[in-house]
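What's in entry.cif: mmCIF, C-alpha atoms
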```
data_query
loop_
_atom_site.label_atom_id
_atom_site.label_comp_id
_atom_site.auth_asym_id
_atom_site.auth_seq_id
_atom_site.Cartn_x
_atom_site.Cartn_y
_atom_site.Cartn_z
CA MET T 1147 43.84 14.80 19.34
CA SER T 1148 41.15 17.14 20.67
CA GLY T 1149 37.51 16.51 19.93
CA ARG T 1150 37.26 19.88 18.18
CA LEU T 1151 40.09 19.08 15.75
CA ARG T 1152 38.63 15.63 15.06
CA GLY T 1153 35.33 17.32 14.29
CA TRP T 1154 36.91 19.76 11.83
CA LEU T 1155 38.81 16.98 10.06
CA TRP T 1156 35.67 14.90 9.73
CA ALA T 1157 33.67 17.91 8.50
CA ALA T 1158 36.34 18.59 5.86
CA LEU T 1159 36.24 14.99 4.63
CA ALA T 1160 32.44 14.95 4.53
CA ALA T 1161 32.30 18.26 2.65
CA LEU T 1162 35.00 17.33 0.15
CA THR T 1163 33.32 14.05 -0.71
CA ILE T 1164 29.62 14.88 -0.51
CA LEU T 1165 30.12 18.17 -2.38
CA ASN T 1166 31.46 15.96 -5.18
CA ALA T 1167 34.97 16.43 -6.53
CA ASN T 1168 33.79 16.11 -10.13
CA SER T 1169 31.56 19.16 -9.92
CA ILE T 1170 34.01 21.22 -7.87
CA ALA T 1171 36.71 20.56 -10.46
CA VAL T 1172 34.42 21.43 -13.36
CA LEU T 1173 33.14 24.61 -11.74
CA ALA T 1174 36.71 25.66 -10.96
CA GLY T 1175 37.87 24.85 -14.49
CA ALA T 1176 40.49 22.43 -13.16
CA PRO T 1177 41.05 18.75 -14.02
CA GLU T 1178 39.72 16.35 -11.40
CA ARG T 1179 43.09 14.65 -10.93
CA LEU T 1180 44.38 17.78 -9.16
CA PHE T 1181 41.63 17.38 -6.58
CA ASN T 1182 42.13 13.71 -5.74
CA PRO T 1183 45.45 14.05 -3.82
CA ILE T 1184 43.88 16.69 -1.57
CA LEU T 1185 40.89 14.43 -0.92
CA LEU T 1186 43.04 11.41 -0.08
CA ALA T 1187 45.38 13.45 2.14
CA VAL T 1188 42.42 14.62 4.21
CA ALA T 1189 41.12 11.02 4.34
CA LEU T 1190 44.47 9.83 5.71
CA ALA T 1191 44.48 12.66 8.26
CA VAL T 1192 41.02 11.58 9.40
CA LEU T 1193 42.02 7.92 9.57
CA ALA T 1194 45.35 8.38 11.39
CA PRO T 1195 44.03 9.16 14.90
CA HIS T 1196 41.47 6.36 14.63
CA VAL T 1197 43.72 3.51 13.52
CA ALA T 1198 43.19 1.78 16.85
CA ARG T 1199 39.51 1.47 16.03
CA LEU T 1200 40.34 -0.61 12.97
CA ARG T 1201 40.50 -3.62 15.27
CA TRP T 1202 36.72 -3.50 14.93
CA LEU T 1203 37.11 -4.59 11.31
CA SER T 1204 36.73 -8.11 12.71
CA ARG T 1205 33.11 -7.37 13.60
CA ALA T 1206 30.23 -8.07 11.23
CA PRO T 1207 29.67 -6.95 8.53
CA MET T 1208 33.21 -5.61 8.02
CA PRO T 1209 34.96 -8.97 7.28
CA ALA T 1210 32.44 -9.62 4.51
CA LEU T 1211 33.14 -6.18 3.02
CA LEU T 1212 36.91 -6.74 3.01
CA VAL T 1213 36.59 -10.22 1.48
CA PHE T 1214 34.38 -8.81 -1.27
CA ALA T 1215 36.83 -5.98 -2.02
CA VAL T 1216 39.77 -8.39 -2.36
CA ALA T 1217 37.79 -10.92 -4.41
CA PHE T 1218 36.46 -8.28 -6.81
CA LEU T 1219 39.86 -6.71 -7.47
CA LEU T 1220 41.73 -10.01 -7.86
CA ALA T 1221 39.10 -11.64 -10.08
CA GLY T 1222 38.69 -8.51 -12.18
CA ALA T 1223 42.44 -8.07 -12.68
CA PHE T 1224 42.98 -11.78 -13.40
CA SER T 1225 40.27 -11.93 -16.06
CA ALA T 1226 41.40 -8.65 -17.62
CA ALA T 1227 44.92 -10.06 -18.02
CA GLY T 1228 43.60 -12.76 -20.36
CA SER T 1229 40.94 -10.67 -22.09
CA VAL T 1230 41.05 -9.26 -25.59
CA GLN T 1231 38.05 -6.98 -24.93
CA VAL T 1232 39.51 -5.02 -22.01
CA PRO T 1233 42.87 -3.21 -22.32
CA LEU T 1234 45.00 -4.31 -19.37
CA ASP T 1235 46.23 -0.79 -18.63
CA ARG T 1236 42.65 0.45 -18.30
CA ALA T 1237 41.77 -2.41 -15.97
CA LEU T 1238 44.86 -1.86 -13.81
CA PHE T 1239 44.07 1.86 -13.63
CA LYS T 1240 40.86 0.96 -11.81
CA ILE T 1241 42.70 -0.80 -8.96
CA PRO T 1242 44.08 2.39 -7.31
CA LEU T 1243 40.69 4.06 -7.80
CA TYR T 1244 38.93 1.25 -5.95
CA GLY T 1245 41.73 1.27 -3.37
CA ALA T 1246 41.15 4.98 -2.77
CA SER T 1247 37.42 4.29 -2.38
CA LEU T 1248 38.16 1.64 0.25
CA LEU T 1249 40.43 4.12 2.05
CA LEU T 1250 37.56 6.60 2.26
CA VAL T 1251 35.29 3.90 3.71
CA LEU T 1252 37.92 3.00 6.33
CA ALA T 1253 38.55 6.66 7.21
CA ALA T 1254 34.85 7.27 7.74
CA PHE T 1255 34.47 3.95 9.57
CA GLY T 1256 37.30 4.71 12.00
CA ALA T 1257 36.06 8.23 12.71
CA ALA T 1258 32.46 7.11 13.20
CA ALA T 1259 33.40 4.19 15.45
CA ASP T 1260 35.61 6.46 17.55
CA ALA T 1261 32.92 9.13 17.81
CA THR T 1262 30.36 6.52 18.88
CA ALA T 1263 32.67 5.11 21.54
CA ARG T 1264 33.22 8.65 22.88
CA GLY T 1265 29.53 9.61 22.79
CA GLU T 1266 30.09 12.23 20.07
CA GLU T 1267 27.62 10.88 17.51
CA ASP T 1268 25.68 14.16 17.31
CA ARG T 1269 28.77 16.13 16.33
CA LEU T 1270 29.58 13.56 13.66
CA LEU T 1271 26.04 13.51 12.26
CA ARG T 1272 25.86 17.31 12.09
CA ALA T 1273 29.17 17.41 10.19
CA VAL T 1274 27.58 15.13 7.57
CA PHE T 1275 24.13 16.74 7.60
CA TRP T 1276 25.12 20.24 6.47
CA PRO T 1277 27.07 19.25 3.32
CA CYS T 1278 24.16 16.99 2.32
CA VAL T 1279 21.69 19.84 2.76
CA LEU T 1280 23.83 22.35 0.86
CA ALA T 1281 24.43 19.93 -2.01
CA SER T 1282 20.71 19.15 -2.26
CA LEU T 1283 19.71 22.82 -2.22
CA SER T 1284 22.27 23.58 -4.93
CA GLY T 1285 19.80 22.23 -7.48
CA VAL T 1286 17.97 25.55 -7.24
CA ALA T 1287 20.93 27.19 -8.97
CA PHE T 1288 20.05 25.58 -12.29
CA ILE T 1289 16.51 26.90 -12.03
CA ALA T 1290 17.17 30.39 -10.69
CA VAL T 1291 20.63 31.24 -12.07
CA PRO T 1292 20.86 30.71 -15.86
CA ALA T 1293 24.57 31.63 -15.84
CA VAL T 1294 25.38 28.42 -13.97
CA GLY T 1295 23.51 26.33 -16.51
CA ASN T 1296 25.17 28.11 -19.43
CA PHE T 1297 28.61 27.62 -17.90
CA LEU T 1298 28.08 23.87 -17.79
CA GLU T 1299 26.47 23.89 -21.26
CA LEU T 1300 23.07 22.87 -19.95
CA GLN T 1301 19.82 24.57 -20.85
CA PRO T 1302 17.90 25.52 -17.70
CA GLY T 1303 14.23 24.84 -18.28
CA GLU T 1304 14.87 22.11 -20.82
CA ARG T 1305 15.85 19.74 -18.05
CA LEU T 1306 16.24 20.70 -14.43
CA HIS T 1307 19.39 19.13 -13.09
CA GLY T 1308 21.18 19.65 -9.79
CA VAL T 1309 24.65 21.14 -9.73
CA PHE T 1310 26.01 17.91 -8.33
CA GLY T 1311 24.60 15.64 -10.96
CA ASN T 1312 22.88 12.32 -11.19
CA PHE T 1313 21.64 9.73 -8.70
CA ASN T 1314 25.22 8.65 -7.97
CA GLU T 1315 25.58 11.92 -6.10
CA LEU T 1316 21.92 12.56 -5.32
CA GLY T 1317 21.60 9.31 -3.38
CA GLY T 1318 24.31 10.57 -1.05
CA GLN T 1319 22.81 14.04 -0.78
CA ALA T 1320 19.04 14.24 -0.86
CA GLY T 1321 18.49 10.83 0.68
CA TYR T 1322 20.97 11.31 3.50
CA ALA T 1323 19.76 14.85 4.15
CA LEU T 1324 16.43 13.31 5.14
CA VAL T 1325 17.83 10.24 6.90
CA VAL T 1326 20.49 12.04 8.95
CA GLY T 1327 18.04 14.85 9.73
CA LEU T 1328 15.55 12.26 10.99
CA VAL T 1329 18.18 10.59 13.18
CA LEU T 1330 19.27 13.94 14.63
CA THR T 1331 15.65 14.73 15.46
CA MET T 1332 15.27 11.35 17.19
CA ARG T 1333 18.39 12.03 19.25
CA THR T 1334 17.80 15.70 20.11
CA LYS T 1335 13.96 15.78 20.09
CA GLN T 1336 14.18 18.88 17.87
CA PRO T 1337 12.00 18.75 14.69
CA PHE T 1338 14.21 21.33 12.97
CA TRP T 1339 16.60 18.68 11.65
CA VAL T 1340 14.07 16.42 9.94
CA VAL T 1341 12.07 19.36 8.54
CA LEU T 1342 15.16 20.95 6.95
CA GLY T 1343 16.47 17.57 5.77
CA THR T 1344 13.16 16.70 4.14
CA LEU T 1345 12.83 20.07 2.39
CA ALA T 1346 16.42 19.93 1.13
CA GLY T 1347 15.92 16.37 -0.04
CA ILE T 1348 12.81 17.29 -2.02
CA VAL T 1349 14.68 20.14 -3.72
CA GLY T 1350 17.54 17.81 -4.61
CA VAL T 1351 15.25 15.16 -6.06
CA VAL T 1352 13.09 17.55 -8.08
CA SER T 1353 16.07 19.48 -9.44
CA SER T 1354 17.59 16.25 -10.74
CA PHE T 1355 14.31 15.16 -12.39
CA SER T 1356 15.67 11.63 -12.25
CA LYS T 1357 13.17 8.76 -12.15
CA ALA T 1358 15.57 6.64 -10.11
CA ALA T 1359 16.03 9.47 -7.62
CA MET T 1360 12.31 10.11 -7.22
CA LEU T 1361 11.41 6.44 -6.88
CA GLY T 1362 14.28 5.90 -4.47
CA PHE T 1363 13.16 8.83 -2.35
CA LEU T 1364 9.57 7.63 -1.85
CA PRO T 1365 10.28 5.01 0.86
CA LEU T 1366 12.34 7.56 2.80
CA PHE T 1367 9.21 9.57 3.55
CA ALA T 1368 7.62 6.41 4.93
CA LEU T 1369 10.73 5.95 7.10
CA THR T 1370 9.61 8.97 9.13
CA VAL T 1371 6.37 7.13 9.95
CA TYR T 1372 8.39 4.08 10.96
CA ALA T 1373 10.62 6.19 13.21
CA ALA T 1374 7.63 7.88 14.83
CA THR T 1375 6.29 4.50 15.95
CA GLY T 1376 9.50 3.59 17.75
CA ALA T 1377 11.52 1.88 14.99
CA ARG T 1378 11.18 -1.56 16.52
CA PHE T 1379 10.58 -4.82 14.72
CA ALA T 1380 7.07 -5.18 16.10
CA ILE T 1381 3.98 -5.61 13.96
CA ARG T 1382 2.73 -2.04 14.33
CA PRO T 1383 5.88 -0.25 13.12
CA MET T 1384 6.19 -2.59 10.14
CA LEU T 1385 2.55 -1.97 9.23
CA ALA T 1386 3.16 1.76 9.66
CA LEU T 1387 6.13 1.59 7.29
CA ALA T 1388 4.07 -0.28 4.69
CA PHE T 1389 1.08 2.04 5.11
CA GLY T 1390 3.28 5.12 4.88
CA SER T 1391 4.87 3.80 1.70
CA VAL T 1392 1.46 3.34 0.09
CA LEU T 1393 0.38 6.85 1.11
CA VAL T 1394 3.57 8.42 -0.25
CA ALA T 1395 3.39 6.51 -3.55
CA GLY T 1396 -0.30 7.40 -3.95
CA GLY T 1397 0.30 11.05 -3.14
CA THR T 1398 3.17 11.20 -5.61
CA TYR T 1399 1.00 9.61 -8.30
CA LEU T 1400 -1.79 12.17 -7.78
CA LEU T 1401 0.66 15.09 -7.75
CA ALA T 1402 2.34 13.86 -10.94
CA GLY T 1403 -1.06 13.60 -12.61
CA ARG T 1404 -1.90 17.18 -11.67
CA LEU T 1405 1.43 18.36 -13.06
CA LEU T 1406 0.88 16.56 -16.35
CA ASP T 1407 -2.64 17.90 -16.91
CA GLY T 1408 -1.56 21.46 -16.08
CA GLY T 1409 -3.68 21.63 -12.94
CA LEU T 1410 -0.88 23.31 -10.97
CA GLY T 1411 -0.18 25.95 -13.61
CA ILE T 1412 3.38 24.70 -14.24
CA GLU T 1413 4.51 24.17 -17.83
CA LEU T 1414 6.73 21.11 -18.22
CA SER T 1415 9.29 20.50 -20.95
CA THR T 1416 8.99 17.48 -23.25
CA ASP T 1417 11.75 15.65 -21.39
CA GLN T 1418 10.11 16.31 -18.04
CA ARG T 1419 6.73 15.07 -19.29
CA LEU T 1420 8.29 11.85 -20.58
CA ARG T 1421 10.08 11.20 -17.30
CA LEU T 1422 7.02 11.98 -15.19
CA THR T 1423 4.82 9.76 -17.37
CA ALA T 1424 7.31 6.90 -17.00
CA LEU T 1425 7.33 7.44 -13.22
CA MET T 1426 3.52 7.16 -13.11
CA ASP T 1427 3.63 3.99 -15.23
CA ILE T 1428 6.13 2.41 -12.84
CA ILE T 1429 4.00 3.27 -9.77
CA SER T 1430 0.69 2.20 -11.32
CA SER T 1431 1.73 -0.96 -13.18
CA GLY T 1432 5.28 -1.80 -12.11
CA ALA T 1433 6.37 -1.48 -15.74
CA LEU T 1434 10.15 -1.62 -16.10
CA ASP T 1435 10.51 -1.58 -19.87
CA GLU T 1436 13.23 0.11 -21.89
CA SER T 1437 11.33 3.38 -22.11
CA ALA T 1438 10.58 3.56 -18.38
CA THR T 1439 14.19 2.80 -17.42
CA THR T 1440 15.84 5.04 -20.06
CA GLY T 1441 17.40 2.08 -21.87
CA ARG T 1442 18.65 0.33 -18.74
CA THR T 1443 16.81 -2.96 -19.28
CA ALA T 1444 18.36 -3.29 -22.74
CA VAL T 1445 21.91 -2.76 -21.50
CA TRP T 1446 21.31 -5.14 -18.57
CA ALA T 1447 20.22 -7.89 -20.97
CA VAL T 1448 23.26 -7.42 -23.20
CA GLY T 1449 25.52 -7.24 -20.15
CA LEU T 1450 24.25 -10.60 -18.90
CA GLU T 1451 24.84 -12.13 -22.34
CA ASN T 1452 28.43 -10.86 -22.27
CA TRP T 1453 28.98 -12.14 -18.72
CA ALA T 1454 27.90 -15.64 -19.82
CA GLN T 1455 31.12 -15.81 -21.87
CA ALA T 1456 33.20 -15.81 -18.64
CA PRO T 1457 30.87 -16.60 -15.74
CA VAL T 1458 33.44 -17.62 -13.12
CA PHE T 1459 36.03 -14.82 -13.17
CA GLY T 1460 34.13 -12.28 -15.26
CA LEU T 1461 35.24 -10.10 -18.15
CA GLY T 1462 37.72 -7.93 -16.24
CA LEU T 1463 37.74 -4.57 -14.48
CA SER T 1464 36.25 -1.73 -16.58
CA ALA T 1465 34.60 -4.19 -19.03
CA PHE T 1466 31.19 -2.71 -18.23
CA ASP T 1467 32.26 0.92 -18.52
CA ARG T 1468 30.97 0.46 -22.05
CA VAL T 1469 29.05 -2.78 -22.59
CA THR T 1470 30.19 -4.46 -25.81
CA GLY T 1471 27.34 -4.56 -28.31
CA ILE T 1472 25.38 -1.60 -26.97
CA ASP T 1473 28.05 1.01 -26.05
CA MET T 1474 26.41 2.04 -22.76
CA GLU T 1475 27.60 1.94 -19.18
CA ILE T 1476 25.96 -0.96 -17.31
CA HIS T 1477 23.93 1.29 -14.94
CA ASN T 1478 23.73 -1.43 -12.27
CA THR T 1479 26.38 -1.98 -9.60
CA ALA T 1480 25.37 -5.57 -8.87
CA LEU T 1481 25.66 -6.46 -12.56
CA ARG T 1482 29.00 -4.64 -12.75
CA VAL T 1483 30.34 -6.84 -9.95
CA LEU T 1484 28.96 -9.96 -11.65
CA GLY T 1485 30.16 -9.02 -15.13
CA GLU T 1486 33.63 -7.74 -14.26
CA GLY T 1487 34.48 -10.10 -11.38
CA GLY T 1488 32.27 -13.09 -12.16
CA LEU T 1489 30.82 -15.41 -9.55
CA VAL T 1490 34.10 -15.22 -7.63
CA ALA T 1491 33.28 -11.59 -6.79
CA PHE T 1492 29.49 -11.72 -6.90
CA LEU T 1493 29.03 -14.38 -4.21
CA PRO T 1494 31.07 -12.38 -1.62
CA PHE T 1495 29.05 -9.33 -2.68
CA LEU T 1496 25.83 -11.15 -1.78
CA VAL T 1497 27.31 -12.34 1.52
CA MET T 1498 28.29 -8.74 2.33
CA VAL T 1499 24.76 -7.48 1.64
CA VAL T 1500 23.16 -10.23 3.74
CA ALA T 1501 25.61 -9.61 6.61
CA LEU T 1502 24.78 -5.89 6.56
CA VAL T 1503 21.02 -6.49 6.53
CA LEU T 1504 21.28 -8.93 9.45
CA ARG T 1505 23.43 -6.51 11.46
CA ILE T 1506 20.89 -3.71 10.94
CA ALA T 1507 18.03 -6.06 11.84
CA ARG T 1508 19.73 -6.93 15.15
CA GLU T 1509 20.32 -3.28 16.12
CA ARG T 1510 18.17 -2.29 19.09
CA ARG T 1511 19.08 1.39 19.51
CA PRO T 1512 16.16 3.05 17.65
CA GLU T 1513 18.10 5.93 16.11
CA VAL T 1514 20.94 3.68 14.92
CA HIS T 1515 18.40 1.19 13.58
CA VAL T 1516 16.63 3.96 11.62
CA LEU T 1517 19.99 5.15 10.26
CA GLY T 1518 20.72 1.61 9.07
CA VAL T 1519 17.30 1.15 7.46
CA GLY T 1520 17.63 4.57 5.81
CA PHE T 1521 21.05 3.56 4.53
CA LEU T 1522 19.54 0.48 2.86
CA LEU T 1523 16.71 2.53 1.34
CA VAL T 1524 19.20 5.02 -0.11
CA GLN T 1525 21.67 2.42 -1.35
CA LEU T 1526 19.26 -0.02 -2.99
CA PRO T 1527 17.94 2.28 -5.77
CA ALA T 1528 21.45 3.60 -6.32
CA ILE T 1529 22.90 0.09 -6.67
CA LEU T 1530 20.13 -1.02 -9.03
CA SER T 1531 20.12 2.07 -11.25
CA THR T 1532 23.77 3.18 -11.44
CA GLY T 1533 27.01 1.35 -12.07
CA GLY T 1534 29.52 3.55 -10.27
CA ILE T 1535 28.48 3.33 -6.62
CA LEU T 1536 31.73 1.58 -5.69
CA LEU T 1537 33.60 4.69 -6.86
CA ALA T 1538 31.10 7.35 -5.74
CA ARG T 1539 32.91 9.30 -3.04
CA ASN T 1540 29.88 10.45 -1.09
CA HIS T 1541 28.53 6.92 -0.88
CA ASN T 1542 31.91 5.69 0.37
CA VAL T 1543 32.01 8.20 3.21
CA LEU T 1544 28.35 7.78 4.12
CA ALA T 1545 28.69 3.99 4.02
CA GLY T 1546 31.70 4.21 6.34
CA LEU T 1547 29.73 6.47 8.68
CA VAL T 1548 26.86 3.99 8.97
CA LEU T 1549 29.17 0.99 9.34
CA GLY T 1550 31.17 2.68 12.09
CA LEU T 1551 28.04 3.61 14.03
CA LEU T 1552 26.60 0.11 13.65
CA VAL T 1553 29.76 -1.69 14.72
CA ALA T 1554 30.48 0.55 17.71
CA SER T 1555 26.90 1.09 18.86
CA ARG T 1556 26.79 -2.29 20.62
CA ASP T 1557 29.50 -1.20 23.07
CA ALA T 1558 28.15 2.34 23.34
CA GLY T 1559 24.68 1.07 24.14
CA ALA T 1560 25.98 -1.25 26.85
CA ALA T 1561 28.51 1.04 28.54
CA GLY T 1562 27.14 4.49 27.75
CA PRO T 1563 29.14 7.27 26.04
CA SER T 1564 32.28 8.67 27.56
CA ALA T 1565 32.88 12.34 28.21
CA PRO T 1566 34.42 14.30 25.28
CA ASP T 1567 38.15 15.03 25.31
CA ASP T 1568 37.56 18.71 26.03
CA ALA T 1569 35.07 18.13 28.89
CA PRO T 1570 36.03 19.45 32.36
CA ALA T 1571 37.71 17.00 34.71
CA GLY T 1572 35.18 14.95 36.62
CA ALA T 1573 32.37 15.71 34.18
CA THR T 1574 29.59 13.14 34.07
CA PRO T 1575 28.88 11.68 30.62
CA VAL T 1576 25.50 12.67 29.21
CA PRO T 1577 23.56 9.93 27.39
CA ALA T 1578 23.12 10.54 23.66
CA GLY T 1579 19.94 12.42 22.88
CA ALA T 1580 19.44 13.58 26.46
#
```
What would you get if you wrote out this structure as structure tokens?
Amino acid sequence: MSGRLRGWLWAALAALTILNANSIAVLAGAPERLFNPILLAVALAVLAPHVARLRWLSRAPMPALLVFAVAFLLAGAFSAAGSVQVPLDRALFKIPLYGASLLLVLAAFGAAADATARGEEDRLLRAVFWPCVLASLSGVAFIAVPAVGNFLELQPGERLHGVFGNFNELGGQAGYALVVGLVLTMRTKQPFWVVLGTLAGIVGVVSSFSKAAMLGFLPLFALTVYAATGARFAIRPMLALAFGSVLVAGGTYLLAGRLLDGGLGIELSTDQRLRLTALMDIISSGALDESATTGRTAVWAVGLENWAQAPVFGLGLSAFDRVTGIDMEIHNTALRVLGEGGLVAFLPFLVMVVALVLRIARERRPEVHVLGVGFLLVQLPAILSTGGILLARNHNVLAGLVLGLLVASRDAGAAGPSAPDDAPAGATPVPAGA
């Protein structure tokens, strides 16, 4: 398959997933289930030419990911079969959904590993960058185009909210717009990518007006300082990352204060003032009470009480879609794994996270290392504040992208990239970023 066709297939998969199927279906007035077969067909088309690269699934951290996936599904299905709280048909319905999510990860993993081995990382990163930027900038539509807000039965001005929704989607849009833009700038030496990615990310975060999104975005600004110092695990870069984080948090605190006291001439709605006040409280005091977390701490506490009834195998798949006793979604992916799959699923989950962190820590190619660190900074707030990351399509594709680059970068760094398929005969490979 030619490099150009591979690029178009990858771009289609990235666009279909990052530009969220839920929102596309709603805007088109069509049920989401009509969209899923198209998405999975494209994923299979992307995966097919890269099946040979799946031999790299034996490399860390991929075995840990596969063990976790199997343990979670088996434990969740087993406990649901003996549960009176979770209807078995609802639990079994989740299995193909999680299977489809794993397929997206593998499709992205295979394509990214293949692109890295061929020295085509820039083409791959650009195919991901543009959908992230467009999705982040779409938040302006709810501010500038009232018809869009009315169509979705939202009130523009009452609460600004991006077209593509909450932090589930925003973490894969605004965050990756900055991270991928930064990596492209490191590789090409062109500041255009990080400037556009940062601006798009800011628009995406502000248009969501989500506390989790804003807090999760703060360390990403500091990541640019880290990258500028060389992205090595020496004392200076780590101090630069810490110092940059403090500067960003302090600047955000001062800006939020000016917004609240009207110093910038912008009138905020009641909901916006409450969210901004909670954000300032979290930065200044570390307060994570029920008000600051929009009820999350309460549902977490009840969820842990429910999990204690079946600690080993959990309560069953979908048990935390609505937590018994509080009627709220769990809003925490780690607790979802613990509650629905028990310790049988949670321990492999921890092993997977540790294996990923260690693999990123060992990476010595600066741009790949920054991509890995950025991935962790994007994923952590999303995992801790939302419960559906395992099903969020954009996170699946972006996770597969990072995993493929990490796994294949060791060989690419040692041997150098090969010439693209469509390069002239006898062409000399050009090192990435040259």
| request: Determine the residue membership of the PyMOL selection byres ((chain T and resi 1546) around 7) for the file above and supply it as an NGL selection string. | output: :T and (1251-1252 or 1254-1255 or 1542-1545 or 1547-1550)
Query raised in the report: Smallest atom-to-atom distance to Thr1370 (chain T): which of T:Arg1510, T:Leu1283, T:Pro1195, T:Leu1517, using all atoms listed in the file?
Result: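 Selected residue with least distance to Thr1370 (chain T): T:Leu1517.
On the file presented, the PyMOL selection byres ((chain T and resi 1488) around 9) picks out Phe1218, Ala1221, Gly1222, Ser1225, Trp1453, Ala1456, Pro1457, Val1458, Phe1459, Gly1460, Leu1461, Gly1462, Val1483, Leu1484, Gly1485, Glu1486, Gly1487, Leu1489, Val1490, Ala1491, Phe1492 and Leu1493 of chain T.
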Residues at most 7 Å from region 1522-1538 of chain T, counting all atoms listed in the file, excluding those fewer than 2 positions away in the same chain, as a short mmCIF file (atom, residue, chain, number, x, y, z; two decimals) with C-alpha atoms, in the coordinates of the input?
```cif
data_model
loop_
_atom_site.label_atom_id
_atom_site.label_comp_id
_atom_site.auth_asym_id
_atom_site.auth_seq_id
_atom_site.Cartn_x
_atom_site.Cartn_y
_atom_site.Cartn_z
CA TYR T 1244 38.93 1.25 -5.95
CA SER T 1247 37.42 4.29 -2.38
CA PHE T 1313 21.64 9.73 -8.70
CA ASN T 1314 25.22 8.65 -7.97
CA GLY T 1317 21.60 9.31 -3.38
CA GLY T 1321 18.49 10.83 0.68
CA ALA T 1358 15.57 6.64 -10.11
CA GLY T 1362 14.28 5.90 -4.47
CA PRO T 1365 10.28 5.01 0.86
CA LEU T 1366 12.34 7.56 2.80
CA ILE T 1476 25.96 -0.96 -17.31
CA HIS T 1477 23.93 1.29 -14.94
CA ASN T 1478 23.73 -1.43 -12.27
CA THR T 1479 26.38 -1.98 -9.60
CA ALA T 1480 25.37 -5.57 -8.87
CA ARG T 1482 29.00 -4.64 -12.75
CA GLY T 1518 20.72 1.61 9.07
CA VAL T 1519 17.30 1.15 7.46
CA GLY T 1520 17.63 4.57 5.81
CA ASN T 1540 29.88 10.45 -1.09
CA HIS T 1541 28.53 6.92 -0.88
CA ASN T 1542 31.91 5.69 0.37
#
```
In Å, with one decimal, what is the gap from CA of Gly1347 (chain T) to CA of Met1498 (chain T)?
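Computing the Euclidean distance for CA of Gly1347 (chain T) and CA of Met1498 (chain T) yields 28.1 Å.
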One decimal place gives the CA of Leu1369 (chain T)-CA of Leu1330 (chain T) separation as 13.9 Å
Correct to one decimal, the distance CA of Met1360 (chain T)-CA of Ser1430 (chain T) is 14.6 Å
Requested in this report: Fewer than 6 positions away in the same chain doesn't count, so skip those; otherwise give me all residues within 12 Å of Ala1160 (chain T), counting only C-alpha atoms, as a PyMOL selection string.
Outcome: chain T and resi 1153-1154+1166-1167+1185+1188-1189+1192+1250-1251+1253-1254+1257-1258+1270-1281+1318-1319+1539-1547
#### Entry: Test item: the PyMOL selection byres ((chain T and resi 1471-1473) around 12) resolved as a list in words
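So the PyMOL selection byres ((chain T and resi 1471-1473) around 12) ends up selecting Gln1231, Gly1441, Arg1442, Thr1443, Ala1444, Val1445, Trp1446, Ala1447, Val1448, Gly1449, Leu1450, Glu1451, Asn1452, Ala1465, Phe1466, Asp1467, Arg1468, Val1469, Thr1470, Met1474, Glu1475, Ile1476 and His1477 of chain T.
For the set T:Ala1226, T:Leu1193, T:Leu1463, T:Ala1554, the residue with the smallest atom-to-atom gap to Leu1243 (chain T) is T:Leu1463, counting all atoms listed in the file.
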Option closest in space to Thr1262 (chain T), from T:Arg1333, T:Arg1201, T:Arg1556, T:Arg1419 [counting only C-alpha atoms]: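 That would be T:Arg1556, the residue with the smallest distance to Thr1262 (chain T).
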Across T:Gly1245, T:Gly1403, T:Pro1337, T:Gly1343, the smallest distance to Ala1323 (chain T), with all atoms listed in the file counted, is shown by T:Gly1343
**Asked** Using only C-alpha atoms, can you list as a PyMOL selection string the residues within 12 Å of (13.4, 22.8, -0.8)?
**Response** chain T and resi 1279-1287+1320+1323-1324+1341-1353
Could you check the closest approach to Leu1551 (chain T) for each of T:Glu1267, T:Ser1464, T:Leu1361, T:Gly1408 and tell me which residue wins, using only C-alpha atoms?
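Of T:Glu1267, T:Ser1464, T:Leu1361, T:Gly1408, the one nearest Leu1551 (chain T) is T:Glu1267, counting only C-alpha atoms.
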The residues within 7 Å of (15.8, 12.4, 14.9), using only C-alpha atoms and the coordinates of the file, should be reported as a tab-separated table (two decimals) with C-alpha atoms, in the frame of the given file; which are they?
```
chain	number	residue	atom	x	y	z
T	1327	GLY	CA	18.04	14.85	9.73
T	1328	LEU	CA	15.55	12.26	10.99
T	1329	VAL	CA	18.18	10.59	13.18
T	1330	LEU	CA	19.27	13.94	14.63
T	1331	THR	CA	15.65	14.73	15.46
T	1332	MET	CA	15.27	11.35	17.19
T	1333	ARG	CA	18.39	12.03	19.25
T	1334	THR	CA	17.80	15.70	20.11
T	1335	LYS	CA	13.96	15.78	20.09
T	1340	VAL	CA	14.07	16.42	9.94
T	1513	GLU	CA	18.10	5.93	16.11
```
Min atom-atom distance to Arg1508 (chain T) from the set T:Leu1364, T:Tyr1372, T:Ala1198, T:Ala1206, counting only C-alpha atoms, belongs to T:Ala1206
